[in-house]
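Before any comments, here is the structure.
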Amino acid sequence: MTTKDQIGETAQSAGNGPALGALPRAELDRLLAGAAPFDAQMCALARRIWAHPELGYQEHRTAADMAEVLTAQGFDVTRGVAGLPTAFVASWRQGDGPDVPAVGLLAEMDALPGFSQSAAPYPDPLPGQDVGHACGHHLFGAAAIGAAVGLARWLEATGTPGEVRVYGTPAEEGGAGKVYMARAGLFDDLAIALHWHPDDVNRVWQSRSLASIGGRILFHGRTAHAAQAPEAGRSALHGVEAFHHMASLMRETVPQGTHIHYIVARGGVAPNVIPDLAESRIGVRHPDPAVAQEVFERLEQAARGAAMGTGTRAEIRRLGAVHSILPNDVVGRVMLANMAALPPIRWDDADHAFAARIQASMDRPPALDQAFELGPYVFGSQGAFSSDVGDVSWLVPCGALGTATWVPGTRPHTWQAVAAGAHPIADKGMQLAARALMATGAAFLHAPELIAQARAELEAARGPDYRYRPMVADGPPPFDLTTPA
Ligand SMILES: [Zn+2]
């Protein structure tokens, strides 16, 4: 899961398409003026999170910091929601009754292992630190909070009825935190959900992703001396090998577009000892969640068959499992209209000097212009990535944008992303993201008929009698087994 990697993705709608629902100029000006005083706090929050990166489901310090900032801004914060110690929901509301629409802002916060890096524009690991914000989730979370604060101030100033909610969503990198929050019903009464991702371009980005299910299969056998008493042994590795062979054969008889991945995570300790324990990690992806589910179930059967044939026992555990993202064109077009009304990012000489040094580490980097322009509207193209935003998008009309927080040419999950994450370039991109999110949220609350339009599109896309079924296993998440994917 989870890099916002757009390999093989093409924009279906080129050019800035039919924008919809721009907030009136006077309201936009009022919104931006109200939000400006929080800018410095938003940037400081992002920098603190960057300096203390935490892995998925271990974001204790980060979640506490975010909750504290929101509480100080007048939000009601509930921590530890959905059985996840580092998840939270923060709410600010004006108006009574069930008809007050709620706009949700998703706030990711987790970092990645293996990305120790300072803010220098060259590879520079930090001693004693293995974790780093290589996917920019420190900016993701801080901008969501900045957008929420701006939106709350605007509701207050205008007397508009509405609720703003920040969802602190842990463990995006392989832990599928949002899925457990969706399973707990936390998104059910939302009108609209908005999110963004750090990027090297500025764009509204309504792509499909791949549904993805991961699993761990432990094969238990019986150990024995491989030459003296081979008949006493049952090789757990043979269980894995037979299973992987079946998984490979299965690729011929699965629906088009299915990806099956596997690795041997453990295969024994020495060739003269028949292994009593071996581990396979598997993953299945497909654009349709129902297909991913069906293929995963066939793989579970194959694992049982492999165990039977090798005299071993298969212990199957489902890890992260996410739906594909269901893009919403109404939300995308409202985002586009409101993002287009904002002033572009501007860099000073120091920013350009930093960018030149980062680009010196790249082969044929793109022109810097893309950091200062609004790129083409992307709708409905198929991306080769997975994200736990997927589950949210089947429940609530959802919209995504990206801003240039990274030097053009930077990919997620690289040292260049970590380095730029603590630079003023990141602050400028994050500010644009926060403004675009708050303007989009305000546009929906200002003209609630847009909410109904977005909802109608979601319902048509899901089909009649749709029921959301989370694909994760029952019970709490496998806190001990989440791995970046
Ligand atoms: Zn990410």
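How things are named: the first chain in the structure tokens is A, the next is B, and so on; residues count from 1 in each chain; ligands count from 1 in the order shown.
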Checklist line | Exercise answer, 9 Å around ligand 1 with only C-alpha atoms and all ligand atoms, as a PyMOL selection string | finding: chain A and resi 2-4+108+110-111+134-137+140+172-173+197-198+387+412-413
Convert the current residue selection to file output with N, CA and C atoms, as a compact mmCIF listing (two decimals), in the first residue's frame.
```txt
# COMPACT_ATOMS: atom_id res chain seq x y z
N THR A 2 0.37 2.25 -0.51
CA THR A 2 0.58 3.49 0.11
C THR A 2 1.51 4.51 -0.38
N THR A 3 2.44 4.16 -1.21
CA THR A 3 3.03 5.36 -1.76
C THR A 3 1.97 5.89 -2.69
N LYS A 4 1.99 7.17 -2.87
CA LYS A 4 1.03 7.71 -3.82
C LYS A 4 1.71 7.64 -5.18
N GLU A 108 -3.33 12.33 8.26
CA GLU A 108 -2.37 11.24 8.46
C GLU A 108 -1.17 11.77 9.24
N ASP A 110 1.78 9.16 10.23
CA ASP A 110 2.84 8.19 10.49
C ASP A 110 4.04 8.37 9.56
N ALA A 111 5.19 7.88 10.02
CA ALA A 111 6.45 7.97 9.27
C ALA A 111 6.86 6.57 8.82
N ALA A 134 9.23 10.27 5.09
CA ALA A 134 9.52 10.16 3.66
C ALA A 134 8.27 10.23 2.80
N CYS A 135 7.08 10.25 3.44
CA CYS A 135 5.84 10.40 2.67
C CYS A 135 5.14 11.71 3.05
N GLY A 136 5.80 12.54 3.86
CA GLY A 136 5.26 13.87 4.15
C GLY A 136 4.01 13.89 5.01
N HIS A 137 3.77 12.85 5.80
CA HIS A 137 2.54 12.82 6.58
C HIS A 137 2.54 13.83 7.72
N PHE A 140 0.81 16.50 5.96
CA PHE A 140 -0.56 16.03 5.74
C PHE A 140 -1.42 16.36 6.97
N GLU A 172 -1.20 4.88 8.13
CA GLU A 172 -1.60 4.75 6.72
C GLU A 172 -0.65 3.79 6.00
N GLU A 173 0.61 3.80 6.43
CA GLU A 173 1.64 3.01 5.74
C GLU A 173 1.53 1.54 6.12
N HIS A 197 -2.35 15.15 -0.38
CA HIS A 197 -1.07 14.49 -0.15
C HIS A 197 0.07 15.37 -0.63
N PRO A 198 1.16 15.42 0.14
CA PRO A 198 2.35 16.10 -0.36
C PRO A 198 2.75 15.53 -1.71
N SER A 387 -4.50 2.72 -0.91
CA SER A 387 -4.52 3.61 0.26
C SER A 387 -5.76 3.30 1.09
N PRO A 412 7.70 10.03 -3.52
CA PRO A 412 7.51 9.68 -2.11
C PRO A 412 8.47 8.55 -1.71
N HIS A 413 8.71 8.43 -0.45
CA HIS A 413 9.56 7.36 0.11
C HIS A 413 10.99 7.48 -0.42
```
DSSP-assigned strand (DSSP E or B) among range 270-479 of chain A, expressed as a PDB file with C-alpha atoms, in the first residue's frame:
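The resulting selection.pdb:
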```pdb
ATOM      1  CA  VAL A 273      17.845 -28.908   9.752  1.00  0.00           C
ATOM      2  CA  LEU A 277       8.559 -22.841  10.917  1.00  0.00           C
ATOM      3  CA  ALA A 278       8.354 -20.871   7.674  1.00  0.00           C
ATOM      4  CA  GLU A 279       6.499 -17.705   6.784  1.00  0.00           C
ATOM      5  CA  SER A 280       4.948 -16.407   3.590  1.00  0.00           C
ATOM      6  CA  ARG A 281       3.731 -12.830   3.175  1.00  0.00           C
ATOM      7  CA  ILE A 282       1.222 -12.324   0.422  1.00  0.00           C
ATOM      8  CA  GLY A 283      -0.669  -9.493  -1.184  1.00  0.00           C
ATOM      9  CA  VAL A 284      -3.525  -9.280  -3.669  1.00  0.00           C
ATOM     10  CA  ARG A 285      -4.616  -6.162  -5.531  1.00  0.00           C
ATOM     11  CA  HIS A 286      -7.390  -5.418  -7.980  1.00  0.00           C
ATOM     12  CA  ARG A 313      -0.228 -26.736   9.271  1.00  0.00           C
ATOM     13  CA  ALA A 314      -1.056 -23.291   7.867  1.00  0.00           C
ATOM     14  CA  GLU A 315      -1.889 -20.440  10.231  1.00  0.00           C
ATOM     15  CA  ILE A 316      -3.448 -17.661   8.190  1.00  0.00           C
ATOM     16  CA  ARG A 317      -3.663 -14.086   9.389  1.00  0.00           C
ATOM     17  CA  ARG A 318      -5.062 -11.229   7.402  1.00  0.00           C
ATOM     18  CA  LEU A 319      -3.112  -7.977   7.729  1.00  0.00           C
ATOM     19  CA  GLY A 320      -4.084  -4.674   6.110  1.00  0.00           C
ATOM     20  CA  ALA A 321      -6.997  -4.727   3.682  1.00  0.00           C
ATOM     21  CA  VAL A 322      -8.221  -1.627   1.902  1.00  0.00           C
ATOM     22  CA  VAL A 378      -7.167  14.224 -13.007  1.00  0.00           C
ATOM     23  CA  PHE A 379     -10.384  12.221 -12.829  1.00  0.00           C
ATOM     24  CA  GLY A 380     -11.053   8.519 -12.983  1.00  0.00           C
ATOM     25  CA  SER A 381      -7.653   7.292 -14.129  1.00  0.00           C
ATOM     26  CA  GLN A 382      -6.419   4.025 -12.627  1.00  0.00           C
ATOM     27  CA  CYS A 398     -14.306  12.201  -1.087  1.00  0.00           C
ATOM     28  CA  GLY A 399     -11.882  14.620  -2.720  1.00  0.00           C
ATOM     29  CA  ALA A 400      -8.089  14.683  -2.944  1.00  0.00           C
ATOM     30  CA  LEU A 401      -5.539  17.233  -3.980  1.00  0.00           C
ATOM     31  CA  GLY A 402      -1.769  17.444  -4.028  1.00  0.00           C
ATOM     32  CA  THR A 403       0.536  20.425  -3.640  1.00  0.00           C
ATOM     33  CA  ALA A 404       4.218  20.905  -4.378  1.00  0.00           C
TER      34      ALA A 404
END
```
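When only C-alpha atoms are used to measure the gap to Ala419 in chain A, the shortest distance among A:Thr86, A:Ser116, A:Thr169, A:Gln58 belongs to A:Ser116.
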Checklist line | Which residue of A:Leu70, A:Ala356, A:Ala143, A:Met246 approaches Thr405 in chain A most closely, using only C-alpha atoms | finding: A:Ala143
Could you build a table of the residues in range 88-128 of chain A lying no more than 8 Å from range 176-192 of chain A, giving for each the nearest pair of atoms and their separation in Å rounded to one decimal place, using only C-alpha atoms, ordered by chain and ascending residue number, as CSV?
```
residue,atom,partner,partner_atom,distance
A:Pro101,CA,A:Ala191,CA,5.7
A:Ala102,CA,A:Leu190,CA,5.2
A:Val103,CA,A:Ile192,CA,5.1
A:Gly104,CA,A:Ile192,CA,6.2
```
Mind dumping the selected residues with C-alpha atoms as an mmCIF file, in the first residue's frame?
```cif
data_model
loop_
_atom_site.group_PDB
_atom_site.id
_atom_site.type_symbol
_atom_site.label_atom_id
_atom_site.label_comp_id
_atom_site.auth_asym_id
_atom_site.auth_seq_id
_atom_site.Cartn_x
_atom_site.Cartn_y
_atom_site.Cartn_z
ATOM 1 C CA PRO A 101 -23.633 19.165 7.534
ATOM 2 C CA ALA A 102 -20.223 17.942 8.652
ATOM 3 C CA VAL A 103 -17.067 18.330 6.575
ATOM 4 C CA GLY A 104 -14.322 15.871 7.493
#
```
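Of note, CA of Phe372 in chain A and CA of Arg203 in chain A are spaced 10.8 Å apart.
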